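S.K.: Have a look at this one.
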Amino acid sequence: MLSLKEIEKIEKQALEQRRIYDLGDESPIGLKIFSYIENIYDSYILLYPLKTRKIAGFTRKQGEIIQIFVNTSFSLSFQVFATAHELYHLIYLKEKSIDKFIVCNDQDISESIDDTGSNIEEIKANYFAAAFLMPRSVIEDRFSNFKRKKYLEEDLVLKITELQYEYEIPYKTILKRLKELGIIGKKEFEKLKSYDEQILEYCKMLDDEMCKRINELEHSNRRKYHSLNVPKIAYDVYRNNIITISKLESIIKKYDKTLEDFRVVKPEIKPIDIDFSSFRTGDDEDDEN
């Protein structure tokens with residue numbers, strides 16, 4: 001567990017990152033975090049669905065190049081949280097100016113309140129992700145009434161869901177922030193945690209637009225994307241006669257692209273029409289004699 005001093009330090013760091021890059025003290029970041037990695041933090045991002053869930057994300061620094069990877073087999077809201085988690089590692093590697101490859105599994109990148117046994121840096125990265133995506137001031141302002149009076153669990157779940165829609169982050173991330181900031185206690189946290197699997201049912205009480213968006217956030221989009229636009233690079237290499245059309249096709253297929261997308265026409269291979277009747281092929285019975 002993090003000490004109060006460490007928590008305050010991370011809260012301050014997350015707010016400073018928002019202020020340094022003029023992201024607003026309370027503005028939703030959500031899905032914009034993917035473009036922020038590229039354009040604000042001047043790094044590459046790779047989004048790709050893996051068959052394994054043992055790799056949720058990684059951050060790699062080699063010289064001046066930094067790349068963040070996120071496994072898009074996870075839900076869209078988890079991808080947002082995972083990217084913010086990896087951003088913590090990115091900032092650390094930049095500040096320390098060291099080359100390193102940090103791989104995180106689905107236990108490292110976690111919204112769980114129980115961090116027992118986790119690596120301390122991963123715990124810090126999780127706290128940073130939550131603080132960066134969901135500022136303390138927003139939580140304290142939106143849920144101040146719930147702290148001062150009795151409420152129906154259903155009403156609190158809907159309030160969390162509304163914030164989930166607005167900030168595009170996991171239900172558990174908001175719930176954990178409520179526990180960390182003293183809005184709810186441990187007992188309430190445990191009870192409300194069970195609602196995570198029923199979010200899609202509860203969001204039906206909200207308007208259709210909210211319900212539709214939360215449904216998208218709760219599922220995987222299996223996006224395939226790289227800052228370098230690998231399919232286009234492969235196409236450029238092909239145009240310079242460095243790779244074959246078959247190689248181009250195999251590369252772009254990994255990103256669900258076809259030759260038609262690049263206006264490349266695969267040459268039709270016609271069989272060679274040769275009349276073998278005038279040749280002694282060795283198939284005639286006379287040849288055997």
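Just so we're on the same page: first chain in the structure tokens is A, next is B, and so on; residues restart at 1 for each chain, and ligands are numbered from 1 in the order they show up.
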Counting only C-alpha atoms, which residues of region 116-217 of chain A sit at most 9 Å from some atom of region 4-28 of chain A, and what is each one's closest atom pair with its distance in Å to one decimal, listed by chain and rising residue number, as a Markdown table?
M.R.:
```
| residue | atom | partner | partner_atom | distance |
| --- | --- | --- | --- | --- |
| A:Lys124 | CA | A:Ile10 | CA | 7.4 |
| A:Ala125 | CA | A:Ile10 | CA | 8.9 |
| A:Tyr127 | CA | A:Ile10 | CA | 7.2 |
| A:Phe128 | CA | A:Ile10 | CA | 5.8 |
| A:Ala129 | CA | A:Ala14 | CA | 8.0 |
| A:Ala130 | CA | A:Ala14 | CA | 8.9 |
| A:Ala131 | CA | A:Glu11 | CA | 5.9 |
| A:Phe132 | CA | A:Ala14 | CA | 4.8 |
| A:Leu133 | CA | A:Pro28 | CA | 7.0 |
| A:Met134 | CA | A:Glu26 | CA | 7.6 |
| A:Pro135 | CA | A:Glu26 | CA | 6.0 |
| A:Arg136 | CA | A:Glu11 | CA | 7.9 |
| A:Ser137 | CA | A:Glu26 | CA | 7.2 |
| A:Val138 | CA | A:Glu26 | CA | 6.3 |
| A:Glu166 | CA | A:Pro28 | CA | 6.8 |
| A:Tyr167 | CA | A:Pro28 | CA | 4.9 |
| A:Glu168 | CA | A:Pro28 | CA | 7.9 |
```
S.K.: How about saving the chosen residues, N, CA and C atoms kept, as a compact mmCIF listing (two decimals), in the first residue's frame?
M.R.:
```
# COMPACT_ATOMS: atom_id res chain seq x y z
N LYS A 124 1.93 2.51 -8.00
CA LYS A 124 2.02 3.95 -8.25
C LYS A 124 1.43 4.30 -9.62
N ALA A 125 1.72 3.46 -10.61
CA ALA A 125 1.21 3.70 -11.97
C ALA A 125 -0.31 3.63 -12.00
N TYR A 127 -2.32 4.27 -9.44
CA TYR A 127 -2.85 5.45 -8.74
C TYR A 127 -2.74 6.67 -9.64
N PHE A 128 -1.61 6.80 -10.33
CA PHE A 128 -1.42 7.93 -11.24
C PHE A 128 -2.49 7.91 -12.33
N ALA A 129 -2.75 6.73 -12.91
CA ALA A 129 -3.74 6.61 -13.98
C ALA A 129 -5.11 7.10 -13.52
N ALA A 130 -5.51 6.69 -12.33
CA ALA A 130 -6.80 7.10 -11.79
C ALA A 130 -6.84 8.60 -11.51
N ALA A 131 -5.78 9.13 -10.94
CA ALA A 131 -5.72 10.56 -10.61
C ALA A 131 -5.65 11.42 -11.86
N PHE A 132 -4.96 10.93 -12.87
CA PHE A 132 -4.81 11.68 -14.12
C PHE A 132 -6.14 11.71 -14.89
N LEU A 133 -6.81 10.58 -14.95
CA LEU A 133 -8.07 10.47 -15.70
C LEU A 133 -9.26 11.02 -14.93
N MET A 134 -9.22 10.88 -13.61
CA MET A 134 -10.34 11.29 -12.76
C MET A 134 -9.82 12.13 -11.60
N PRO A 135 -9.64 13.45 -11.82
CA PRO A 135 -9.09 14.34 -10.79
C PRO A 135 -9.87 14.30 -9.48
N ARG A 136 -9.15 14.47 -8.41
CA ARG A 136 -9.75 14.45 -7.07
C ARG A 136 -10.88 15.47 -6.95
N SER A 137 -10.69 16.66 -7.49
CA SER A 137 -11.69 17.73 -7.37
C SER A 137 -13.03 17.33 -7.98
N VAL A 138 -13.01 16.55 -9.07
CA VAL A 138 -14.24 16.11 -9.72
C VAL A 138 -14.99 15.15 -8.81
N GLU A 166 -19.08 10.09 -19.11
CA GLU A 166 -18.44 11.39 -19.37
C GLU A 166 -16.92 11.27 -19.48
N TYR A 167 -16.30 10.46 -18.60
CA TYR A 167 -14.83 10.39 -18.56
C TYR A 167 -14.26 9.15 -19.26
N GLU A 168 -15.13 8.28 -19.73
CA GLU A 168 -14.73 7.10 -20.53
C GLU A 168 -13.69 6.22 -19.83
```
S.K.: Taking 5 positions as the minimum chain separation for residues in the same chain, which residues sit within 8 Å of Arg53 (chain A) when counting only C-alpha atoms? Answer as a list of chain:residue names.
M.R.: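 Listed by chain and then number, they are A:Asn71, A:Ser73, A:Phe74, A:Asn105, A:Asp106.
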S.K.: What are the DSSP strand (DSSP E or B) residues of region 16-80 of chain A, as a PDB file with all heavy atoms, in the first residue's frame?
M.R.:
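Saved the output as result32.pdb:
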```pdb
ATOM      1  N   TYR A  44       5.337   6.995 -29.663  1.00  0.00           N
ATOM      2  CA  TYR A  44       4.549   6.128 -30.521  1.00  0.00           C
ATOM      3  C   TYR A  44       3.565   5.324 -29.686  1.00  0.00           C
ATOM      4  O   TYR A  44       3.833   5.001 -28.530  1.00  0.00           O
ATOM      5  CB  TYR A  44       5.458   5.149 -31.271  1.00  0.00           C
ATOM      6  CG  TYR A  44       6.424   5.808 -32.216  1.00  0.00           C
ATOM      7  CD1 TYR A  44       7.795   5.729 -31.993  1.00  0.00           C
ATOM      8  CD2 TYR A  44       5.978   6.508 -33.341  1.00  0.00           C
ATOM      9  CE1 TYR A  44       8.700   6.333 -32.859  1.00  0.00           C
ATOM     10  CE2 TYR A  44       6.868   7.116 -34.212  1.00  0.00           C
ATOM     11  CZ  TYR A  44       8.228   7.024 -33.962  1.00  0.00           C
ATOM     12  OH  TYR A  44       9.112   7.622 -34.813  1.00  0.00           O
ATOM     13  N   ILE A  45       2.432   5.007 -30.298  1.00  0.00           N
ATOM     14  CA  ILE A  45       1.480   4.132 -29.621  1.00  0.00           C
ATOM     15  C   ILE A  45       1.065   3.022 -30.575  1.00  0.00           C
ATOM     16  O   ILE A  45       0.830   3.247 -31.766  1.00  0.00           O
ATOM     17  CB  ILE A  45       0.241   4.901 -29.105  1.00  0.00           C
ATOM     18  CG1 ILE A  45      -0.628   3.968 -28.235  1.00  0.00           C
ATOM     19  CG2 ILE A  45      -0.583   5.489 -30.245  1.00  0.00           C
ATOM     20  CD1 ILE A  45      -1.592   4.701 -27.339  1.00  0.00           C
ATOM     21  N   LEU A  46       1.037   1.816 -30.053  1.00  0.00           N
ATOM     22  CA  LEU A  46       0.621   0.639 -30.814  1.00  0.00           C
ATOM     23  C   LEU A  46      -0.571   0.016 -30.109  1.00  0.00           C
ATOM     24  O   LEU A  46      -0.492  -0.327 -28.930  1.00  0.00           O
ATOM     25  CB  LEU A  46       1.770  -0.378 -30.900  1.00  0.00           C
ATOM     26  CG  LEU A  46       1.434  -1.771 -31.450  1.00  0.00           C
ATOM     27  CD1 LEU A  46       0.877  -1.679 -32.862  1.00  0.00           C
ATOM     28  CD2 LEU A  46       2.663  -2.670 -31.405  1.00  0.00           C
ATOM     29  N   LEU A  47      -1.668  -0.090 -30.823  1.00  0.00           N
ATOM     30  CA  LEU A  47      -2.883  -0.707 -30.305  1.00  0.00           C
ATOM     31  C   LEU A  47      -3.147  -1.952 -31.144  1.00  0.00           C
ATOM     32  O   LEU A  47      -3.266  -1.871 -32.377  1.00  0.00           O
ATOM     33  CB  LEU A  47      -4.066   0.258 -30.412  1.00  0.00           C
ATOM     34  CG  LEU A  47      -3.877   1.635 -29.767  1.00  0.00           C
ATOM     35  CD1 LEU A  47      -5.045   2.552 -30.116  1.00  0.00           C
ATOM     36  CD2 LEU A  47      -3.735   1.505 -28.258  1.00  0.00           C
ATOM     37  N   TYR A  48      -3.226  -3.104 -30.460  1.00  0.00           N
ATOM     38  CA  TYR A  48      -3.397  -4.348 -31.214  1.00  0.00           C
ATOM     39  C   TYR A  48      -3.991  -5.418 -30.297  1.00  0.00           C
ATOM     40  O   TYR A  48      -3.612  -5.516 -29.128  1.00  0.00           O
ATOM     41  CB  TYR A  48      -2.045  -4.828 -31.759  1.00  0.00           C
ATOM     42  CG  TYR A  48      -2.168  -5.729 -32.963  1.00  0.00           C
ATOM     43  CD1 TYR A  48      -2.201  -5.199 -34.252  1.00  0.00           C
ATOM     44  CD2 TYR A  48      -2.257  -7.112 -32.812  1.00  0.00           C
ATOM     45  CE1 TYR A  48      -2.310  -6.027 -35.366  1.00  0.00           C
ATOM     46  CE2 TYR A  48      -2.385  -7.944 -33.919  1.00  0.00           C
ATOM     47  CZ  TYR A  48      -2.411  -7.393 -35.190  1.00  0.00           C
ATOM     48  OH  TYR A  48      -2.535  -8.212 -36.288  1.00  0.00           O
ATOM     49  N   GLY A  57      -0.216  -4.409 -21.502  1.00  0.00           N
ATOM     50  CA  GLY A  57       0.444  -3.251 -22.105  1.00  0.00           C
ATOM     51  C   GLY A  57       1.926  -3.268 -21.815  1.00  0.00           C
ATOM     52  O   GLY A  57       2.400  -4.058 -20.999  1.00  0.00           O
ATOM     53  N   PHE A  58       2.666  -2.412 -22.497  1.00  0.00           N
ATOM     54  CA  PHE A  58       4.084  -2.262 -22.184  1.00  0.00           C
ATOM     55  C   PHE A  58       4.578  -0.889 -22.618  1.00  0.00           C
ATOM     56  O   PHE A  58       3.941  -0.215 -23.437  1.00  0.00           O
ATOM     57  CB  PHE A  58       4.953  -3.372 -22.807  1.00  0.00           C
ATOM     58  CG  PHE A  58       5.056  -3.370 -24.314  1.00  0.00           C
ATOM     59  CD1 PHE A  58       5.720  -2.351 -25.002  1.00  0.00           C
ATOM     60  CD2 PHE A  58       4.531  -4.414 -25.056  1.00  0.00           C
ATOM     61  CE1 PHE A  58       5.829  -2.379 -26.394  1.00  0.00           C
ATOM     62  CE2 PHE A  58       4.639  -4.448 -26.446  1.00  0.00           C
ATOM     63  CZ  PHE A  58       5.295  -3.417 -27.115  1.00  0.00           C
ATOM     64  N   THR A  59       5.677  -0.482 -22.031  1.00  0.00           N
ATOM     65  CA  THR A  59       6.349   0.766 -22.405  1.00  0.00           C
ATOM     66  C   THR A  59       7.801   0.430 -22.689  1.00  0.00           C
ATOM     67  O   THR A  59       8.450  -0.242 -21.893  1.00  0.00           O
ATOM     68  CB  THR A  59       6.272   1.807 -21.274  1.00  0.00           C
ATOM     69  OG1 THR A  59       4.899   2.067 -20.973  1.00  0.00           O
ATOM     70  CG2 THR A  59       6.947   3.115 -21.693  1.00  0.00           C
ATOM     71  N   ARG A  60       8.288   0.883 -23.829  1.00  0.00           N
ATOM     72  CA  ARG A  60       9.668   0.595 -24.221  1.00  0.00           C
ATOM     73  C   ARG A  60      10.373   1.896 -24.605  1.00  0.00           C
ATOM     74  O   ARG A  60       9.850   2.692 -25.379  1.00  0.00           O
ATOM     75  CB  ARG A  60       9.697  -0.362 -25.413  1.00  0.00           C
ATOM     76  CG  ARG A  60      11.097  -0.585 -25.985  1.00  0.00           C
ATOM     77  CD  ARG A  60      11.039  -1.361 -27.281  1.00  0.00           C
ATOM     78  NE  ARG A  60      10.664  -2.747 -27.044  1.00  0.00           N
ATOM     79  CZ  ARG A  60      10.284  -3.570 -28.021  1.00  0.00           C
ATOM     80  NH1 ARG A  60      10.201  -3.142 -29.254  1.00  0.00           N
ATOM     81  NH2 ARG A  60       9.991  -4.828 -27.733  1.00  0.00           N
ATOM     82  N   LYS A  61      11.561   2.087 -24.030  1.00  0.00           N
ATOM     83  CA  LYS A  61      12.374   3.248 -24.385  1.00  0.00           C
ATOM     84  C   LYS A  61      13.716   2.758 -24.907  1.00  0.00           C
ATOM     85  O   LYS A  61      14.415   2.003 -24.246  1.00  0.00           O
ATOM     86  CB  LYS A  61      12.598   4.178 -23.192  1.00  0.00           C
ATOM     87  CG  LYS A  61      13.408   5.433 -23.540  1.00  0.00           C
ATOM     88  CD  LYS A  61      13.557   6.354 -22.340  1.00  0.00           C
ATOM     89  CE  LYS A  61      14.304   7.631 -22.713  1.00  0.00           C
ATOM     90  NZ  LYS A  61      15.692   7.384 -23.149  1.00  0.00           N
ATOM     91  N   GLN A  62      14.060   3.203 -26.113  1.00  0.00           N
ATOM     92  CA  GLN A  62      15.346   2.908 -26.729  1.00  0.00           C
ATOM     93  C   GLN A  62      15.896   4.206 -27.301  1.00  0.00           C
ATOM     94  O   GLN A  62      15.401   4.695 -28.309  1.00  0.00           O
ATOM     95  CB  GLN A  62      15.199   1.864 -27.843  1.00  0.00           C
ATOM     96  CG  GLN A  62      14.816   0.474 -27.355  1.00  0.00           C
ATOM     97  CD  GLN A  62      14.641  -0.507 -28.487  1.00  0.00           C
ATOM     98  OE1 GLN A  62      13.831  -0.304 -29.397  1.00  0.00           O
ATOM     99  NE2 GLN A  62      15.413  -1.580 -28.455  1.00  0.00           N
ATOM    100  N   ILE A  65      13.592   7.110 -28.651  1.00  0.00           N
ATOM    101  CA  ILE A  65      12.297   6.562 -29.067  1.00  0.00           C
ATOM    102  C   ILE A  65      11.591   5.872 -27.898  1.00  0.00           C
ATOM    103  O   ILE A  65      12.172   5.029 -27.225  1.00  0.00           O
ATOM    104  CB  ILE A  65      12.483   5.549 -30.221  1.00  0.00           C
ATOM    105  CG1 ILE A  65      13.085   6.263 -31.445  1.00  0.00           C
ATOM    106  CG2 ILE A  65      11.148   4.903 -30.586  1.00  0.00           C
ATOM    107  CD1 ILE A  65      13.400   5.328 -32.591  1.00  0.00           C
ATOM    108  N   ILE A  66      10.330   6.260 -27.682  1.00  0.00           N
ATOM    109  CA  ILE A  66       9.510   5.625 -26.648  1.00  0.00           C
ATOM    110  C   ILE A  66       8.220   5.136 -27.297  1.00  0.00           C
ATOM    111  O   ILE A  66       7.595   5.859 -28.081  1.00  0.00           O
ATOM    112  CB  ILE A  66       9.177   6.588 -25.502  1.00  0.00           C
ATOM    113  CG1 ILE A  66      10.443   7.066 -24.791  1.00  0.00           C
ATOM    114  CG2 ILE A  66       8.262   5.902 -24.479  1.00  0.00           C
ATOM    115  CD1 ILE A  66      10.189   7.944 -23.603  1.00  0.00           C
ATOM    116  N   GLN A  67       7.845   3.922 -26.978  1.00  0.00           N
ATOM    117  CA  GLN A  67       6.626   3.353 -27.524  1.00  0.00           C
ATOM    118  C   GLN A  67       5.779   2.742 -26.418  1.00  0.00           C
ATOM    119  O   GLN A  67       6.289   2.078 -25.525  1.00  0.00           O
ATOM    120  CB  GLN A  67       6.951   2.271 -28.551  1.00  0.00           C
ATOM    121  CG  GLN A  67       5.727   1.552 -29.105  1.00  0.00           C
ATOM    122  CD  GLN A  67       6.081   0.561 -30.187  1.00  0.00           C
ATOM    123  OE1 GLN A  67       6.486   0.932 -31.277  1.00  0.00           O
ATOM    124  NE2 GLN A  67       5.958  -0.729 -29.893  1.00  0.00           N
ATOM    125  N   ILE A  68       4.480   2.992 -26.514  1.00  0.00           N
ATOM    126  CA  ILE A  68       3.513   2.390 -25.594  1.00  0.00           C
ATOM    127  C   ILE A  68       2.641   1.432 -26.394  1.00  0.00           C
ATOM    128  O   ILE A  68       2.182   1.760 -27.487  1.00  0.00           O
ATOM    129  CB  ILE A  68       2.634   3.468 -24.927  1.00  0.00           C
ATOM    130  CG1 ILE A  68       3.393   4.142 -23.775  1.00  0.00           C
ATOM    131  CG2 ILE A  68       1.330   2.869 -24.398  1.00  0.00           C
ATOM    132  CD1 ILE A  68       2.612   5.229 -23.077  1.00  0.00           C
ATOM    133  N   PHE A  69       2.454   0.241 -25.834  1.00  0.00           N
ATOM    134  CA  PHE A  69       1.568  -0.750 -26.452  1.00  0.00           C
ATOM    135  C   PHE A  69       0.414  -1.043 -25.509  1.00  0.00           C
ATOM    136  O   PHE A  69       0.600  -1.138 -24.291  1.00  0.00           O
ATOM    137  CB  PHE A  69       2.322  -2.050 -26.744  1.00  0.00           C
ATOM    138  CG  PHE A  69       1.389  -3.206 -27.023  1.00  0.00           C
ATOM    139  CD1 PHE A  69       0.774  -3.331 -28.249  1.00  0.00           C
ATOM    140  CD2 PHE A  69       1.102  -4.144 -26.030  1.00  0.00           C
ATOM    141  CE1 PHE A  69      -0.105  -4.387 -28.503  1.00  0.00           C
ATOM    142  CE2 PHE A  69       0.228  -5.197 -26.265  1.00  0.00           C
ATOM    143  CZ  PHE A  69      -0.372  -5.319 -27.524  1.00  0.00           C
ATOM    144  N   VAL A  70      -0.789  -1.196 -26.076  1.00  0.00           N
ATOM    145  CA  VAL A  70      -1.964  -1.571 -25.288  1.00  0.00           C
ATOM    146  C   VAL A  70      -2.711  -2.684 -26.026  1.00  0.00           C
ATOM    147  O   VAL A  70      -2.968  -2.587 -27.236  1.00  0.00           O
ATOM    148  CB  VAL A  70      -2.905  -0.369 -25.071  1.00  0.00           C
ATOM    149  CG1 VAL A  70      -4.188  -0.812 -24.367  1.00  0.00           C
ATOM    150  CG2 VAL A  70      -2.212   0.712 -24.243  1.00  0.00           C
ATOM    151  N   ASN A  71      -3.041  -3.729 -25.290  1.00  0.00           N
ATOM    152  CA  ASN A  71      -3.760  -4.878 -25.831  1.00  0.00           C
ATOM    153  C   ASN A  71      -5.245  -4.530 -25.966  1.00  0.00           C
ATOM    154  O   ASN A  71      -5.949  -4.366 -24.967  1.00  0.00           O
ATOM    155  CB  ASN A  71      -3.568  -6.079 -24.896  1.00  0.00           C
ATOM    156  CG  ASN A  71      -4.215  -7.347 -25.420  1.00  0.00           C
ATOM    157  OD1 ASN A  71      -4.903  -7.345 -26.432  1.00  0.00           O
ATOM    158  ND2 ASN A  71      -3.990  -8.446 -24.721  1.00  0.00           N
TER     159      ASN A  71
END
```
S.K.: CA of Lys254 (chain A) to CA of Pro231 (chain A): how many Å, to one decimal?
M.R.: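 If I compute the distance from CA of Lys254 (chain A) to CA of Pro231 (chain A), I get 8.7 Å.
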S.K.: Between CA of Ser220 (chain A) and CA of Glu122 (chain A), what is the spacing in Å?
M.R.: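 Separation of CA of Glu122 (chain A) and CA of Ser220 (chain A): 23.1 Å.
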S.K.: Could you work out how far CA of Phe262 (chain A) lies from CA of Tyr235 (chain A), giving the answer in Å with one decimal?
M.R.: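 CA of Tyr235 (chain A) sits 7.4 Å away from CA of Phe262 (chain A).
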S.K.: Could you name the residues that touch Asn126 (chain A) at 12 Å or less, counting only C-alpha atoms, but leaving out those on the same chain fewer than 4 positions away, as number ranges by chain?
M.R.: A: 1-2, 7, 10-11, 14, 78, 80-89, 104, 106-115, 118-122, 130-134, 172-173, 176-177
S.K.: Any chance you could export the current selection's C-alpha atoms as a PDB file, in the first residue's frame?
M.R.:
```pdb
ATOM      1  CA  MET A   1       0.000   0.000   0.000  1.00  0.00           C
ATOM      2  CA  LEU A   2       1.094   3.562  -0.671  1.00  0.00           C
ATOM      3  CA  ILE A   7      -0.365   9.388  -2.546  1.00  0.00           C
ATOM      4  CA  ILE A  10       1.211  11.212  -7.183  1.00  0.00           C
ATOM      5  CA  GLU A  11      -1.948  13.344  -6.975  1.00  0.00           C
ATOM      6  CA  ALA A  14      -1.046  13.909 -12.141  1.00  0.00           C
ATOM      7  CA  PHE A  78      -9.732  -0.558 -19.671  1.00  0.00           C
ATOM      8  CA  VAL A  80      -7.926   4.085 -21.582  1.00  0.00           C
ATOM      9  CA  PHE A  81      -6.878   3.199 -18.031  1.00  0.00           C
ATOM     10  CA  ALA A  82      -4.035   0.991 -19.285  1.00  0.00           C
ATOM     11  CA  THR A  83      -2.683   3.805 -21.477  1.00  0.00           C
ATOM     12  CA  ALA A  84      -2.700   6.209 -18.529  1.00  0.00           C
ATOM     13  CA  HIS A  85      -0.914   3.521 -16.483  1.00  0.00           C
ATOM     14  CA  GLU A  86       1.752   3.185 -19.178  1.00  0.00           C
ATOM     15  CA  LEU A  87       2.010   6.986 -19.336  1.00  0.00           C
ATOM     16  CA  TYR A  88       3.331   6.896 -15.763  1.00  0.00           C
ATOM     17  CA  HIS A  89       6.123   4.565 -16.919  1.00  0.00           C
ATOM     18  CA  CYS A 104       2.556  -5.147 -17.592  1.00  0.00           C
ATOM     19  CA  ASP A 106      -3.679  -7.604 -16.265  1.00  0.00           C
ATOM     20  CA  GLN A 107      -2.721  -7.862 -12.585  1.00  0.00           C
ATOM     21  CA  ASP A 108      -0.219  -5.008 -12.840  1.00  0.00           C
ATOM     22  CA  ILE A 109      -2.743  -2.749 -14.556  1.00  0.00           C
ATOM     23  CA  SER A 110      -5.584  -3.017 -12.102  1.00  0.00           C
ATOM     24  CA  GLU A 111      -8.364  -0.917 -10.613  1.00  0.00           C
ATOM     25  CA  SER A 112      -8.512  -3.260  -7.629  1.00  0.00           C
ATOM     26  CA  ILE A 113      -8.335  -1.747  -4.158  1.00  0.00           C
ATOM     27  CA  ASP A 114      -6.227  -4.709  -3.065  1.00  0.00           C
ATOM     28  CA  ASP A 115      -2.644  -4.075  -4.216  1.00  0.00           C
ATOM     29  CA  SER A 118       1.983  -5.989  -6.458  1.00  0.00           C
ATOM     30  CA  ASN A 119       5.164  -4.249  -7.537  1.00  0.00           C
ATOM     31  CA  ILE A 120       5.346  -0.800  -5.917  1.00  0.00           C
ATOM     32  CA  GLU A 121       5.923   0.930  -9.267  1.00  0.00           C
ATOM     33  CA  GLU A 122       2.826  -0.737 -10.710  1.00  0.00           C
ATOM     34  CA  ALA A 130      -6.801   7.096 -11.792  1.00  0.00           C
ATOM     35  CA  ALA A 131      -5.725  10.560 -10.607  1.00  0.00           C
ATOM     36  CA  PHE A 132      -4.815  11.679 -14.116  1.00  0.00           C
ATOM     37  CA  LEU A 133      -8.066  10.473 -15.702  1.00  0.00           C
ATOM     38  CA  MET A 134     -10.338  11.293 -12.758  1.00  0.00           C
ATOM     39  CA  LYS A 172     -14.020   0.264 -10.853  1.00  0.00           C
ATOM     40  CA  THR A 173     -11.685   3.216 -11.394  1.00  0.00           C
ATOM     41  CA  LYS A 176     -11.776   2.974  -6.199  1.00  0.00           C
ATOM     42  CA  ARG A 177     -11.376   6.769  -6.229  1.00  0.00           C
TER      43      ARG A 177
END
```
S.K.: Measuring between only C-alpha atoms, which one of A:Ala56, A:Leu248, A:Glu162, A:Asp273 shows the shortest distance to Asp236 (chain A)?
M.R.: A:Leu248
S.K.: Restricting the calculation to only C-alpha atoms, which member of A:Tyr36, A:Leu158, A:Arg239, A:Asp256 is positioned closest to Asp207 (chain A)?
M.R.: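 Using only C-alpha atoms, Asp207 (chain A) sits closest to A:Leu158.
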S.K.: For a quick check of understanding, using only C-alpha atoms, which of A:Ile214, A:Thr52, A:Ile91, A:Leu200 has the smallest distance to Ile40 (chain A)?
M.R.: A:Ile91
S.K.: Apply DSSP to the backbone of this structure and, from region 52-242 of chain A, keep only the residues in alpha helix (DSSP H); write these as a ChimeraX atom specification.
M.R.: /A:76-96,120-133,136-142,144-148,153-167,171-180,186-193,199-202,208-217,230-239
S.K.: Leaving out Ser77 (chain A) and any residue of its chain fewer than 5 positions from it, which residues lie within 6 Å of it when counting only C-alpha atoms, given as a PyMOL selection string?
M.R.: chain A and resi 168-170+217
S.K.: Rank A:Asn221, A:Glu153, A:Lys270, A:Arg213 by their smallest atom-to-atom distance to Glu190 (chain A), using only C-alpha atoms, and report the top residue only.
M.R.: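 Looking only at the distances to Glu190 (chain A), the closest residue turns out to be A:Glu153.
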S.K.: Pick from A:Lys232, A:Leu175, A:Ser250, A:Glu216: nearest to Lys191 (chain A), with only C-alpha atoms counted?
M.R.: A:Leu175
